[in-house]
file query_14.cif (mmCIF, C-alpha atoms)
data_data
loop_
_atom_site.label_atom_id
_atom_site.label_comp_id
_atom_site.auth_asym_id
_atom_site.auth_seq_id
_atom_site.Cartn_x
_atom_site.Cartn_y
_atom_site.Cartn_z
CA MET A 166 0.00 0.00 0.00
CA THR A 167 1.41 3.41 -0.98
CA VAL A 168 1.03 6.00 1.76
CA VAL A 169 0.67 9.69 0.91
CA THR A 170 1.94 11.91 3.70
CA SER A 171 1.62 15.63 4.26
CA PRO A 172 4.36 18.13 5.13
CA SER A 173 5.00 19.68 8.55
CA GLY A 174 2.72 17.61 10.76
CA LEU A 175 2.47 20.21 13.55
CA ALA A 176 1.19 22.91 11.18
CA ALA A 177 -2.31 21.40 11.45
CA ASN A 178 -4.31 20.34 14.49
CA ALA A 179 -5.87 17.57 12.40
CA ARG A 180 -5.71 16.47 8.76
CA PRO A 181 -6.78 13.56 6.59
CA TYR A 182 -4.55 10.55 6.10
CA LEU A 183 -4.41 9.21 2.56
CA HIS A 184 -3.38 5.69 1.57
CA GLY A 185 -2.55 6.47 -2.05
CA THR A 186 -5.53 4.61 -3.51
CA GLU A 187 -8.05 7.43 -3.25
CA LEU A 188 -7.15 9.17 -6.52
CA ALA A 189 -7.61 5.99 -8.55
CA ALA A 190 -10.96 5.40 -6.85
CA ILE A 191 -12.13 8.91 -7.75
CA ALA A 192 -10.92 8.52 -11.35
CA ARG A 193 -12.80 5.23 -11.68
CA VAL A 194 -16.06 6.90 -10.63
CA LEU A 195 -15.43 10.00 -12.75
CA GLU A 196 -15.27 7.79 -15.83
CA THR A 197 -18.79 6.49 -15.15
CA GLY A 198 -20.34 9.94 -15.52
CA GLN A 199 -22.70 9.27 -12.57
CA TYR A 200 -21.81 11.32 -9.52
CA GLY A 201 -24.97 11.41 -7.39
CA HIS A 202 -26.28 8.52 -5.34
CA GLY A 203 -25.38 5.30 -7.11
CA ALA A 204 -24.01 1.79 -6.99
CA GLU A 205 -20.73 3.01 -5.44
CA THR A 206 -22.68 4.53 -2.55
CA GLU A 207 -24.61 1.34 -1.97
CA GLN A 208 -21.46 -0.78 -2.07
CA PHE A 209 -19.89 1.52 0.52
CA GLU A 210 -22.97 1.02 2.72
CA ARG A 211 -22.62 -2.75 2.46
CA GLU A 212 -18.93 -2.61 3.30
CA LEU A 213 -19.57 -0.35 6.30
CA ALA A 214 -22.25 -2.74 7.56
CA ALA A 215 -19.90 -5.70 7.19
CA PHE A 216 -17.12 -3.89 9.03
CA LEU A 217 -19.39 -2.93 11.91
CA GLY A 218 -21.22 -6.26 12.02
CA VAL A 219 -24.70 -4.77 11.56
CA GLU A 220 -27.56 -5.50 9.18
CA ASP A 221 -27.60 -2.15 7.40
CA VAL A 222 -26.00 1.30 7.16
CA VAL A 223 -27.47 4.37 5.44
CA ALA A 224 -24.88 6.77 4.02
CA VAL A 225 -25.58 10.50 3.87
CA ALA A 226 -23.82 13.70 2.88
CA THR A 227 -22.48 14.79 6.29
CA GLY A 228 -22.41 13.80 9.93
CA THR A 229 -24.75 16.70 10.67
CA ALA A 230 -27.25 15.33 8.15
CA ALA A 231 -26.94 11.93 9.83
CA LEU A 232 -27.92 13.43 13.19
CA HIS A 233 -30.79 15.42 11.68
CA LEU A 234 -32.29 12.48 9.80
CA ALA A 235 -31.81 10.11 12.74
CA LEU A 236 -33.69 12.50 15.01
CA LEU A 237 -36.52 12.69 12.48
CA ALA A 238 -36.58 8.89 12.26
CA ALA A 239 -36.86 8.82 16.06
CA GLY A 240 -39.99 10.98 15.84
CA VAL A 241 -38.38 14.11 17.30
CA GLY A 242 -40.19 17.33 16.42
CA PRO A 243 -41.57 20.64 17.69
CA GLY A 244 -42.24 20.71 21.42
CA ASP A 245 -39.73 17.93 22.16
CA LYS A 246 -36.51 18.17 24.12
CA VAL A 247 -33.28 16.32 23.31
CA VAL A 248 -30.67 15.83 26.03
CA VAL A 249 -27.22 16.67 24.66
CA PRO A 250 -23.92 17.66 26.29
CA SER A 251 -23.02 21.30 25.92
CA LEU A 252 -19.41 20.26 25.32
CA THR A 253 -19.74 19.23 21.69
CA PHE A 254 -19.42 20.77 18.24
CA CYS A 255 -22.35 23.07 17.49
CA ALA A 256 -23.53 20.70 14.73
CA SER A 257 -25.05 18.44 17.40
CA VAL A 258 -27.29 21.27 18.57
CA GLN A 259 -28.11 22.56 15.09
CA ALA A 260 -29.34 19.10 14.10
CA ILE A 261 -31.75 19.18 17.05
CA LEU A 262 -33.01 22.65 16.16
CA ALA A 263 -33.50 21.59 12.53
CA THR A 264 -36.23 19.20 13.67
CA GLY A 265 -38.08 21.95 15.55
CA ALA A 266 -37.08 20.44 18.91
CA ALA A 267 -34.95 22.12 21.58
CA PRO A 268 -31.75 21.08 23.34
CA ARG A 269 -31.62 20.21 27.02
CA PHE A 270 -27.95 20.66 27.88
CA ALA A 271 -26.23 18.15 30.15
CA ASP A 272 -22.97 18.26 32.08
CA VAL A 273 -20.05 15.87 31.53
CA ASP A 274 -17.52 13.81 33.46
CA PRO A 275 -14.31 15.93 33.69
CA THR A 276 -12.09 12.85 33.26
CA THR A 277 -13.64 11.77 29.93
CA LEU A 278 -15.54 14.87 28.68
CA CYS A 279 -18.50 12.54 28.06
CA VAL A 280 -21.96 12.39 29.61
CA THR A 281 -22.71 9.56 31.99
CA ALA A 282 -26.01 7.81 32.70
CA ASP A 283 -26.36 9.99 35.81
CA HIS A 284 -25.90 13.19 33.81
CA VAL A 285 -28.55 12.10 31.32
CA ARG A 286 -30.95 11.02 34.06
CA ALA A 287 -30.62 14.43 35.76
CA ALA A 288 -31.46 16.22 32.50
CA LEU A 289 -34.63 14.27 31.60
CA THR A 290 -37.95 16.14 31.54
CA PRO A 291 -41.52 15.11 30.69
CA THR A 292 -40.99 16.40 27.15
CA THR A 293 -37.70 14.56 26.49
CA ARG A 294 -38.05 12.57 23.27
CA ALA A 295 -34.41 11.63 22.66
CA VAL A 296 -30.97 11.69 24.25
CA MET A 297 -27.83 12.36 22.23
CA PRO A 298 -24.68 11.12 23.95
CA VAL A 299 -21.57 12.49 22.24
CA LEU A 300 -18.72 9.98 22.06
CA TYR A 301 -16.08 12.61 22.68
CA GLY A 302 -12.66 11.79 21.29
CA GLY A 303 -13.84 8.35 20.20
CA ARG A 304 -14.70 6.98 23.65
CA ALA A 305 -17.88 4.86 23.90
CA VAL A 306 -20.61 6.08 26.27
CA ASP A 307 -22.46 3.52 28.39
CA LEU A 308 -26.13 4.35 29.04
CA ALA A 309 -27.01 0.78 30.04
CA PRO A 310 -27.82 1.80 33.64
CA ILE A 311 -30.77 3.88 32.42
CA ALA A 312 -31.71 1.91 29.28
CA ALA A 313 -34.82 0.41 30.85
CA ASP A 314 -36.01 3.80 32.10
CA LEU A 315 -35.45 5.39 28.69
CA ALA A 316 -37.32 2.57 26.95
CA ALA A 317 -40.25 2.80 29.40
CA ARG A 318 -40.50 6.52 28.65
CA ARG A 319 -40.14 5.93 24.88
CA ILE A 320 -37.00 8.03 24.76
CA VAL A 321 -34.73 7.15 21.83
CA VAL A 322 -30.93 7.16 22.01
CA VAL A 323 -29.46 8.96 18.98
CA GLU A 324 -25.73 8.41 19.35
CA ASP A 325 -23.41 11.16 18.10
CA ALA A 326 -20.46 8.95 17.21
CA ALA A 327 -18.86 11.50 14.87
CA HIS A 328 -15.51 10.88 16.60
CA ALA A 329 -15.93 7.17 17.21
CA PHE A 330 -15.94 5.08 14.04
CA GLY A 331 -14.18 1.81 14.86
CA SER A 332 -14.31 2.25 18.64
CA ALA A 333 -15.76 -0.38 20.96
CA HIS A 334 -17.47 -0.70 24.31
CA PRO A 335 -15.96 -2.68 27.19
CA GLY A 336 -16.60 -6.29 26.24
CA GLY A 337 -15.77 -5.66 22.60
CA ARG A 338 -19.11 -4.58 21.05
CA ARG A 339 -18.42 -1.98 18.37
CA VAL A 340 -19.99 1.43 18.57
CA GLY A 341 -23.04 1.18 16.32
CA THR A 342 -24.07 -2.31 17.43
CA THR A 343 -25.85 -1.62 20.73
CA GLY A 344 -29.32 -0.76 19.45
CA ALA A 345 -29.00 3.01 19.36
CA LEU A 346 -29.54 5.11 16.26
CA THR A 347 -25.82 5.66 15.74
CA CYS A 348 -24.49 8.49 13.57
CA PHE A 349 -20.96 8.71 12.17
CA SER A 350 -19.10 11.54 10.44
CA PHE A 351 -16.64 11.01 7.59
CA ASP A 352 -15.51 14.60 7.07
CA ALA A 353 -11.98 15.60 6.13
CA ILE A 354 -10.36 15.21 9.55
CA LYS A 355 -12.04 12.04 10.79
CA SER A 356 -10.31 8.68 11.22
CA LEU A 357 -12.15 7.53 8.09
CA THR A 358 -12.77 10.31 5.59
CA CYS A 359 -14.93 10.58 2.48
CA GLY A 360 -13.85 14.20 2.03
CA ASP A 361 -17.27 14.84 3.52
CA GLY A 362 -19.89 12.32 4.48
CA GLY A 363 -21.75 10.55 7.22
CA ALA A 364 -23.73 7.42 8.00
CA ILE A 365 -26.56 6.16 10.19
CA VAL A 366 -26.97 2.69 11.66
CA PRO A 367 -30.77 2.15 11.58
CA ARG A 368 -32.60 0.01 14.12
CA THR A 369 -35.02 -1.73 11.75
CA PRO A 370 -35.47 -2.36 8.01
CA ASP A 371 -38.47 0.01 7.97
CA GLU A 372 -36.37 2.74 9.57
CA ALA A 373 -33.64 2.16 6.99
CA GLN A 374 -36.17 2.47 4.17
CA ARG A 375 -37.50 5.72 5.55
CA LEU A 376 -34.02 7.18 6.02
CA ARG A 377 -33.21 6.34 2.40
CA ARG A 378 -36.34 8.14 1.22
CA VAL A 379 -35.74 11.23 3.33
CA ARG A 380 -32.11 11.59 2.19
CA LEU A 381 -33.35 11.67 -1.46
CA LEU A 382 -36.01 14.40 -1.20
CA GLY A 383 -38.67 11.95 -0.06
CA MET A 384 -38.53 9.87 -3.23
CA GLY A 385 -38.97 6.14 -2.95
CA ALA A 386 -36.85 5.20 -5.97
CA VAL A 387 -33.17 5.81 -6.61
CA ARG A 388 -31.96 7.31 -9.89
CA GLU A 389 -31.37 3.95 -11.60
CA GLU A 390 -35.03 3.06 -11.03
CA ARG A 391 -36.40 6.53 -11.90
CA VAL A 392 -34.76 6.66 -15.33
CA ARG A 393 -36.59 3.47 -16.36
CA THR A 394 -40.02 5.01 -15.78
CA VAL A 395 -42.02 8.04 -16.91
CA GLY A 396 -42.48 9.39 -13.39
CA TYR A 397 -41.64 9.01 -9.75
CA GLN A 398 -43.38 9.36 -6.41
CA VAL A 399 -42.50 11.64 -3.51
CA HIS A 400 -43.73 9.96 -0.34
CA GLU A 401 -42.88 12.55 2.33
CA ALA A 402 -40.86 15.66 3.11
CA GLY A 403 -37.21 15.07 2.45
CA PHE A 404 -33.80 16.61 1.90
CA ARG A 405 -31.01 16.49 -0.63
CA CYS A 406 -28.39 14.85 1.56
CA HIS A 407 -27.36 11.65 -0.18
CA LEU A 408 -23.71 10.62 -0.32
CA SER A 409 -22.29 11.05 -3.82
CA THR A 410 -20.50 8.25 -5.59
CA LEU A 411 -17.31 10.32 -5.61
CA HIS A 412 -17.35 10.64 -1.83
CA ALA A 413 -18.28 6.98 -1.47
CA ALA A 414 -15.30 5.96 -3.60
CA ILE A 415 -12.96 7.82 -1.25
CA GLY A 416 -14.68 6.18 1.71
CA ARG A 417 -14.24 2.70 0.26
CA ALA A 418 -10.51 3.29 -0.26
CA GLN A 419 -10.25 4.58 3.29
CA LEU A 420 -12.19 1.68 4.77
CA ALA A 421 -9.83 -0.83 3.15
CA GLY A 422 -6.95 0.75 5.06
CA PHE A 423 -8.80 1.53 8.27
CA PRO A 424 -7.14 -1.13 10.49
CA GLU A 425 -3.79 0.55 9.83
CA ILE A 426 -5.22 3.96 10.72
CA ALA A 427 -6.80 2.64 13.92
CA SER A 428 -3.46 1.17 14.99
CA ARG A 429 -1.54 4.33 14.14
CA ARG A 430 -3.96 6.51 16.11
CA GLN A 431 -3.79 4.28 19.16
CA ARG A 432 0.02 4.25 19.04
CA LEU A 433 0.09 8.03 18.60
CA TRP A 434 -2.16 8.59 21.60
CA ARG A 435 -0.04 6.29 23.77
CA SER A 436 3.11 8.14 22.65
CA TYR A 437 1.52 11.40 23.74
CA ALA A 438 0.56 9.86 27.09
CA ALA A 439 4.16 8.85 27.71
CA ALA A 440 5.58 12.21 26.58
CA LEU A 441 3.15 14.22 28.72
CA ALA A 442 3.57 12.13 31.86
CA GLY A 443 5.23 14.10 34.60
CA ILE A 444 4.61 17.57 33.17
CA PRO A 445 3.23 19.59 36.09
CA ASP A 446 -0.32 20.93 35.74
CA VAL A 447 -1.12 18.80 32.65
CA SER A 448 -3.91 16.21 32.81
CA LEU A 449 -4.61 14.01 29.78
CA VAL A 450 -8.29 13.35 29.04
CA ASP A 451 -8.91 9.59 29.15
CA LEU A 452 -10.11 8.09 25.84
CA ASP A 453 -10.03 4.42 26.93
CA VAL A 454 -7.44 3.91 24.20
CA ALA A 455 -7.45 0.10 24.44
CA ARG A 456 -10.97 0.08 23.02
CA SER A 457 -11.13 3.39 21.15
CA VAL A 458 -9.87 4.73 17.86
CA PRO A 459 -8.75 8.12 19.19
CA PHE A 460 -9.96 11.17 17.32
CA ASN A 461 -7.98 13.73 19.29
CA CYS A 462 -5.58 14.27 22.17
CA VAL A 463 -6.95 16.70 24.75
CA VAL A 464 -5.25 17.94 27.88
CA ARG A 465 -6.43 20.08 30.77
CA VAL A 466 -4.19 22.90 31.95
CA PRO A 467 -4.87 25.47 34.68
CA ALA A 468 -7.50 27.98 33.55
CA PRO A 469 -5.35 31.05 34.21
CA HIS A 470 -2.77 29.73 31.76
CA ARG A 471 -4.76 28.00 28.99
CA ASP A 472 -5.18 30.94 26.63
CA THR A 473 -1.58 32.05 26.99
CA VAL A 474 -0.32 28.49 26.45
CA HIS A 475 -2.52 28.21 23.35
CA ALA A 476 -1.05 31.42 21.94
CA ARG A 477 2.53 30.39 22.69
CA LEU A 478 2.12 27.02 21.03
CA HIS A 479 0.79 28.75 17.91
CA ALA A 480 3.72 31.15 17.96
CA ASP A 481 5.96 28.07 18.01
CA GLY A 482 4.25 26.65 14.90
CA ILE A 483 2.16 24.14 16.85
CA GLN A 484 -1.54 24.20 15.95
CA ALA A 485 -3.25 23.64 19.29
CA GLY A 486 -7.04 23.96 19.37
CA VAL A 487 -10.00 24.08 21.74
CA HIS A 488 -12.71 21.47 21.27
CA TYR A 489 -15.18 22.85 22.07
CA PRO A 490 -16.49 26.20 23.30
CA PRO A 491 -19.60 25.17 25.32
CA ASN A 492 -22.84 25.52 23.42
CA HIS A 493 -24.90 26.75 26.37
CA ARG A 494 -22.73 29.90 26.26
CA GLN A 495 -23.30 30.47 22.53
CA PRO A 496 -25.57 33.41 21.61
CA ALA A 497 -27.68 31.26 19.27
CA PHE A 498 -28.48 28.78 22.06
CA SER A 499 -28.78 31.13 25.04
CA ALA A 500 -32.51 30.48 25.41
CA TRP A 501 -31.71 26.97 26.65
CA SER A 502 -28.75 27.84 28.87
CA SER A 503 -28.51 26.49 32.41
CA PRO A 504 -25.67 26.13 34.93
CA LEU A 505 -23.26 23.29 34.07
CA PRO A 506 -20.44 23.46 36.62
CA ALA A 507 -18.08 20.84 35.19
CA THR A 508 -18.49 22.04 31.61
CA GLU A 509 -17.92 25.66 32.62
CA THR A 510 -14.71 24.74 34.43
CA LEU A 511 -13.49 22.58 31.55
CA ALA A 512 -14.23 25.30 29.01
CA ASP A 513 -11.31 27.34 30.33
CA GLU A 514 -8.92 24.39 30.73
CA ILE A 515 -9.11 22.10 27.69
CA LEU A 516 -6.53 22.22 24.92
CA SER A 517 -6.38 19.94 21.86
CA LEU A 518 -2.87 19.04 20.78
CA PRO A 519 -2.05 18.26 17.11
CA PHE A 520 -3.29 14.75 16.40
CA HIS A 521 -3.21 12.91 13.08
CA PRO A 522 -1.34 9.86 11.75
CA ASP A 523 1.31 11.89 9.91
CA LEU A 524 2.88 12.89 13.24
CA THR A 525 6.22 11.39 14.27
CA ASP A 526 7.62 10.61 17.70
CA GLY A 527 9.84 13.65 17.23
CA ASP A 528 6.76 15.82 16.65
CA ILE A 529 5.19 14.54 19.86
CA THR A 530 8.34 15.24 21.86
CA ARG A 531 8.43 18.75 20.44
CA VAL A 532 4.81 19.38 21.43
CA ALA A 533 5.37 18.05 24.96
CA ASP A 534 8.50 20.17 25.41
CA ALA A 535 6.77 23.29 24.08
CA LEU A 536 3.76 22.71 26.32
CA ALA A 537 5.95 22.30 29.40
CA ALA A 538 7.92 25.45 28.52
CA ALA A 539 4.76 27.47 27.93
CA LEU A 540 3.36 26.44 31.30
CA ARG A 541 6.61 27.27 33.10
CA THR A 542 6.61 30.82 31.74
CA ALA A 543 2.85 31.54 31.66
CA PRO A 544 1.94 34.43 33.98
CA THR A 545 -0.64 33.66 36.64
CA GLY A 546 -4.05 35.11 35.87
CA SER A 547 -3.41 35.46 32.13
CA THR A 548 -6.50 36.21 30.05
CA ALA A 549 -4.93 36.56 26.62
CA ALA A 550 -7.58 36.43 23.89
CA VAL A 551 -6.86 33.86 21.19
CA GLY A 552 -8.81 32.17 18.43
CA GLN A 553 -10.48 28.83 19.03
CA GLU A 554 -10.52 26.10 16.44
CA ALA A 555 -13.69 24.04 16.15
CA GLY A 556 -14.00 20.65 14.49
CA ALA A 557 -16.48 19.84 11.75
CA ARG A 558 -19.20 17.20 11.55
#
call {"tool": "encode", "arguments": {"input": "query_14.cif", "output": "structure tokens"}}
result
Amino acid sequence: MTVVTSPSGLAANARPYLHGTELAAIARVLETGQYGHGAETEQFERELAAFLGVEDVVAVATGTAALHLALLAAGVGPGDKVVVPSLTFCASVQAILATGAAPRFADVDPTTLCVTADHVRAALTPTTRAVMPVLYGGRAVDLAPIAADLAARRIVVVEDAAHAFGSAHPGGRRVGTTGALTCFSFDAIKSLTCGDGGAIVPRTPDEAQRLRRVRLLGMGAVREERVRTVGYQVHEAGFRCHLSTLHAAIGRAQLAGFPEIASRRQRLWRSYAAALAGIPDVSLVDLDVARSVPFNCVVRVPAPHRDTVHARLHADGIQAGVHYPPNHRQPAFSAWSSPLPATETLADEILSLPFHPDLTDGDITRVADALAAALRTAPTGSTAAVGQEAGAR
């Protein structure tokens, strides 16, 4: 397998990893002249399902579209509430609002940056229709302790697994196989990229059929079937959010090499853990790396120093980021704000270090040394204003 690498690994917080087969895959599809939904898309769906060990997967244009359509499939609509952590990319919240529902923000565990069953339970209301655990950094979230309660209340779990393709729960069950409506993202910086794309693991064949209609403007027939007739039927409201054959071709090339990527990301995270050990005032967020395909490497540093450290790393050519500014503090979502003590503390402490498979051990050592130096020289009480990088869905 020919690997295509990118220059200067620390100049990006995240970037795609290419195996060298993607260009040929794109060229093969270009020659067909059919670039919308097609046979390539459906083959990618079958290969995703086989990899995950599930009956079916529905591919869509983006991870955000996956969340939106999954919520609609769960029956979420106006007047409903969806429990979601505030510490997530804003796409999670926008997908909820797109259904006409409203977010009910939940706090997170400071050691994992994920919600727990207790956090979700505390956020439930009589109007809760769904809960959206976010698998931050690729770590699986266990809601088994409240599964019976959620089922009794007809509350659906719509799993935001944008970071977590390939990860597993304790015991070995892959994310996507536990009965939730699981949504993945395949955008440019994910462990598996289509350039842009997403997928949903449906719970039933009927749900899969409906998701396929809604992603194609409510039509019941795909293009190959429509061109053989003099008309078509639109069965319900829908959206133009199918996954193109060009994007699917990239995804298929990526999926073939995914075991290598998973291994590289786990090794990279462990190398960071070793390099960061012993640096005063640095705490590494636990991703359960033995079972996860890590999406990022996030540390907590003292709040008075975080912004200054961020700026000094950038000045040193190291693209640190912040994932994510809490949504309950965002102007667009202020109507649903409520106190979230852990999230509000974390918001001023978290820092995402460069993390992608092009990094070398030398890069990691350089980041650790620069982080330690920045902390040693950071003035107490610093409030330097710096930009914050957000990840895409």
call {"tool": "closest_atom_pairs", "arguments": {"input": "query_14.cif", "of": "range 442-558 of chain A", "to": "range 260-282 of chain A", "cutoff": "6 Å", "atoms": "only C-alpha atoms", "output": "JSON lines"}}
result
{"residue": "A:Val450", "atom": "CA", "partner": "A:Thr277", "partner_atom": "CA", "distance": 5.6}
{"residue": "A:Asp451", "atom": "CA", "partner": "A:Thr277", "partner_atom": "CA", "distance": 5.3}
{"residue": "A:Leu505", "atom": "CA", "partner": "A:Asp272", "partner_atom": "CA", "distance": 5.4}
{"residue": "A:Thr508", "atom": "CA", "partner": "A:Asp272", "partner_atom": "CA", "distance": 5.9}
call {"tool": "closest_residue", "arguments": {"input": "query_14.cif", "among": "A:Gly302, A:Pro506, A:Gly185, A:Gly228", "to": "Leu449 in chain A", "atoms": "all atoms listed in the file"}}
result
A:Gly302
call {"tool": "resolve_selection", "arguments": {"input": "query_14.cif", "expression": "the PyMOL selection byres ((chain A and resi 375) around 12)", "output": "PDB file with C-alpha atoms, keeping the file's coordinate frame"}}
result
ATOM      1  CA  VAL A 223     -27.470   4.370   5.440  1.00  0.00           C
ATOM      2  CA  LEU A 234     -32.290  12.480   9.800  1.00  0.00           C
ATOM      3  CA  ALA A 235     -31.810  10.110  12.740  1.00  0.00           C
ATOM      4  CA  LEU A 237     -36.520  12.690  12.480  1.00  0.00           C
ATOM      5  CA  ALA A 238     -36.580   8.890  12.260  1.00  0.00           C
ATOM      6  CA  ALA A 239     -36.860   8.820  16.060  1.00  0.00           C
ATOM      7  CA  GLY A 240     -39.990  10.980  15.840  1.00  0.00           C
ATOM      8  CA  ILE A 365     -26.560   6.160  10.190  1.00  0.00           C
ATOM      9  CA  PRO A 367     -30.770   2.150  11.580  1.00  0.00           C
ATOM     10  CA  ARG A 368     -32.600   0.010  14.120  1.00  0.00           C
ATOM     11  CA  THR A 369     -35.020  -1.730  11.750  1.00  0.00           C
ATOM     12  CA  PRO A 370     -35.470  -2.360   8.010  1.00  0.00           C
ATOM     13  CA  ASP A 371     -38.470   0.010   7.970  1.00  0.00           C
ATOM     14  CA  GLU A 372     -36.370   2.740   9.570  1.00  0.00           C
ATOM     15  CA  ALA A 373     -33.640   2.160   6.990  1.00  0.00           C
ATOM     16  CA  GLN A 374     -36.170   2.470   4.170  1.00  0.00           C
ATOM     17  CA  LEU A 376     -34.020   7.180   6.020  1.00  0.00           C
ATOM     18  CA  ARG A 377     -33.210   6.340   2.400  1.00  0.00           C
ATOM     19  CA  ARG A 378     -36.340   8.140   1.220  1.00  0.00           C
ATOM     20  CA  VAL A 379     -35.740  11.230   3.330  1.00  0.00           C
ATOM     21  CA  ARG A 380     -32.110  11.590   2.190  1.00  0.00           C
ATOM     22  CA  LEU A 381     -33.350  11.670  -1.460  1.00  0.00           C
ATOM     23  CA  LEU A 382     -36.010  14.400  -1.200  1.00  0.00           C
ATOM     24  CA  GLY A 383     -38.670  11.950  -0.060  1.00  0.00           C
ATOM     25  CA  MET A 384     -38.530   9.870  -3.230  1.00  0.00           C
ATOM     26  CA  GLY A 385     -38.970   6.140  -2.950  1.00  0.00           C
ATOM     27  CA  ALA A 386     -36.850   5.200  -5.970  1.00  0.00           C
ATOM     28  CA  VAL A 399     -42.500  11.640  -3.510  1.00  0.00           C
ATOM     29  CA  HIS A 400     -43.730   9.960  -0.340  1.00  0.00           C
ATOM     30  CA  GLU A 401     -42.880  12.550   2.330  1.00  0.00           C
ATOM     31  CA  ALA A 402     -40.860  15.660   3.110  1.00  0.00           C
ATOM     32  CA  GLY A 403     -37.210  15.070   2.450  1.00  0.00           C
TER      33      GLY A 403
END
call {"tool": "atom_distance", "arguments": {"input": "query_14.cif", "atom1": "CA of Ser251 in chain A", "atom2": "CA of Arg456 in chain A"}}
result
24.6 Å
call {"tool": "resolve_selection", "arguments": {"input": "query_14.cif", "expression": "the PyMOL selection byres ((chain A and resi 359) around 7)", "output": "JSON, numbers by chain"}}
result
{"A": [351, 352, 353, 357, 358, 360, 361, 362, 412, 413, 415, 416]}
call {"tool": "closest_residue", "arguments": {"input": "query_14.cif", "among": "A:Ala214, A:Val285, A:Leu300, A:Leu420", "to": "Asp314 in chain A", "atoms": "all atoms listed in the file"}}
result
A:Val285
call {"tool": "resolve_selection", "arguments": {"input": "query_14.cif", "expression": "the PyMOL selection byres ((chain A and resi 435) around 12)", "output": "VMD selection string"}}
result
chain A and resid 428 to 434 436 to 442 449 451 to 455 457 to 459 461 to 462 520 526 529
call {"tool": "write_last_selection", "arguments": {"input": "query_14.cif", "atoms": "C-alpha atoms", "output": "JSON list (two decimals), in the coordinates of the input"}}
result
[["chain", "number", "residue", "atom", "x", "y", "z"],
["A", 428, "SER", "CA", -3.46, 1.17, 14.99],
["A", 429, "ARG", "CA", -1.54, 4.33, 14.14],
["A", 430, "ARG", "CA", -3.96, 6.51, 16.11],
["A", 431, "GLN", "CA", -3.79, 4.28, 19.16],
["A", 432, "ARG", "CA", 0.02, 4.25, 19.04],
["A", 433, "LEU", "CA", 0.09, 8.03, 18.60],
["A", 434, "TRP", "CA", -2.16, 8.59, 21.60],
["A", 436, "SER", "CA", 3.11, 8.14, 22.65],
["A", 437, "TYR", "CA", 1.52, 11.40, 23.74],
["A", 438, "ALA", "CA", 0.56, 9.86, 27.09],
["A", 439, "ALA", "CA", 4.16, 8.85, 27.71],
["A", 440, "ALA", "CA", 5.58, 12.21, 26.58],
["A", 441, "LEU", "CA", 3.15, 14.22, 28.72],
["A", 442, "ALA", "CA", 3.57, 12.13, 31.86],
["A", 449, "LEU", "CA", -4.61, 14.01, 29.78],
["A", 451, "ASP", "CA", -8.91, 9.59, 29.15],
["A", 452, "LEU", "CA", -10.11, 8.09, 25.84],
["A", 453, "ASP", "CA", -10.03, 4.42, 26.93],
["A", 454, "VAL", "CA", -7.44, 3.91, 24.20],
["A", 455, "ALA", "CA", -7.45, 0.10, 24.44],
["A", 457, "SER", "CA", -11.13, 3.39, 21.15],
["A", 458, "VAL", "CA", -9.87, 4.73, 17.86],
["A", 459, "PRO", "CA", -8.75, 8.12, 19.19],
["A", 461, "ASN", "CA", -7.98, 13.73, 19.29],
["A", 462, "CYS", "CA", -5.58, 14.27, 22.17],
["A", 520, "PHE", "CA", -3.29, 14.75, 16.40],
["A", 526, "ASP", "CA", 7.62, 10.61, 17.70],
["A", 529, "ILE", "CA", 5.19, 14.54, 19.86]]
call {"tool": "closest_residue", "arguments": {"input": "query_14.cif", "among": "A:Arg465, A:Arg388, A:His328, A:Arg471", "to": "Ser356 in chain A", "atoms": "all atoms listed in the file"}}
result
A:His328
call {"tool": "atom_distance", "arguments": {"input": "query_14.cif", "atom1": "CA of Asp325 in chain A", "atom2": "CA of Gly201 in chain A"}}
result
25.5 Å
call {"tool": "atom_distance", "arguments": {"input": "query_14.cif", "atom1": "CA of Arg531 in chain A", "atom2": "CA of Gly303 in chain A"}}
result
24.6 Å
call {"tool": "closest_residue", "arguments": {"input": "query_14.cif", "among": "A:Thr542, A:Thr347, A:Thr253, A:Gln495", "to": "His233 in chain A", "atoms": "only C-alpha atoms"}}
result
A:Thr347
call {"tool": "residues_near_point", "arguments": {"input": "query_14.cif", "point": "(-15.8, 0.6, 24.2)", "cutoff": "8 Å", "atoms": "only C-alpha atoms", "output": "list in words"}}
result
Arg304, Ala305, Val306, Ser332, Ala333, His334, Pro335, Gly336, Gly337, Arg338, Arg339, Val340, Asp453, Arg456 and Ser457 of chain A
call {"tool": "residues_near_point", "arguments": {"input": "query_14.cif", "point": "(-13.1, 24.4, 33.5)", "cutoff": "10 Å", "atoms": "only C-alpha atoms", "output": "PDB file with C-alpha atoms, in the coordinates of the input"}}
result
ATOM      1  CA  PRO A 275     -14.310  15.930  33.690  1.00  0.00           C
ATOM      2  CA  ARG A 465      -6.430  20.080  30.770  1.00  0.00           C
ATOM      3  CA  VAL A 466      -4.190  22.900  31.950  1.00  0.00           C
ATOM      4  CA  PRO A 467      -4.870  25.470  34.680  1.00  0.00           C
ATOM      5  CA  ALA A 468      -7.500  27.980  33.550  1.00  0.00           C
ATOM      6  CA  PRO A 506     -20.440  23.460  36.620  1.00  0.00           C
ATOM      7  CA  ALA A 507     -18.080  20.840  35.190  1.00  0.00           C
ATOM      8  CA  THR A 508     -18.490  22.040  31.610  1.00  0.00           C
ATOM      9  CA  GLU A 509     -17.920  25.660  32.620  1.00  0.00           C
ATOM     10  CA  THR A 510     -14.710  24.740  34.430  1.00  0.00           C
ATOM     11  CA  LEU A 511     -13.490  22.580  31.550  1.00  0.00           C
ATOM     12  CA  ALA A 512     -14.230  25.300  29.010  1.00  0.00           C
ATOM     13  CA  ASP A 513     -11.310  27.340  30.330  1.00  0.00           C
ATOM     14  CA  GLU A 514      -8.920  24.390  30.730  1.00  0.00           C
ATOM     15  CA  ILE A 515      -9.110  22.100  27.690  1.00  0.00           C
TER      16      ILE A 515
END
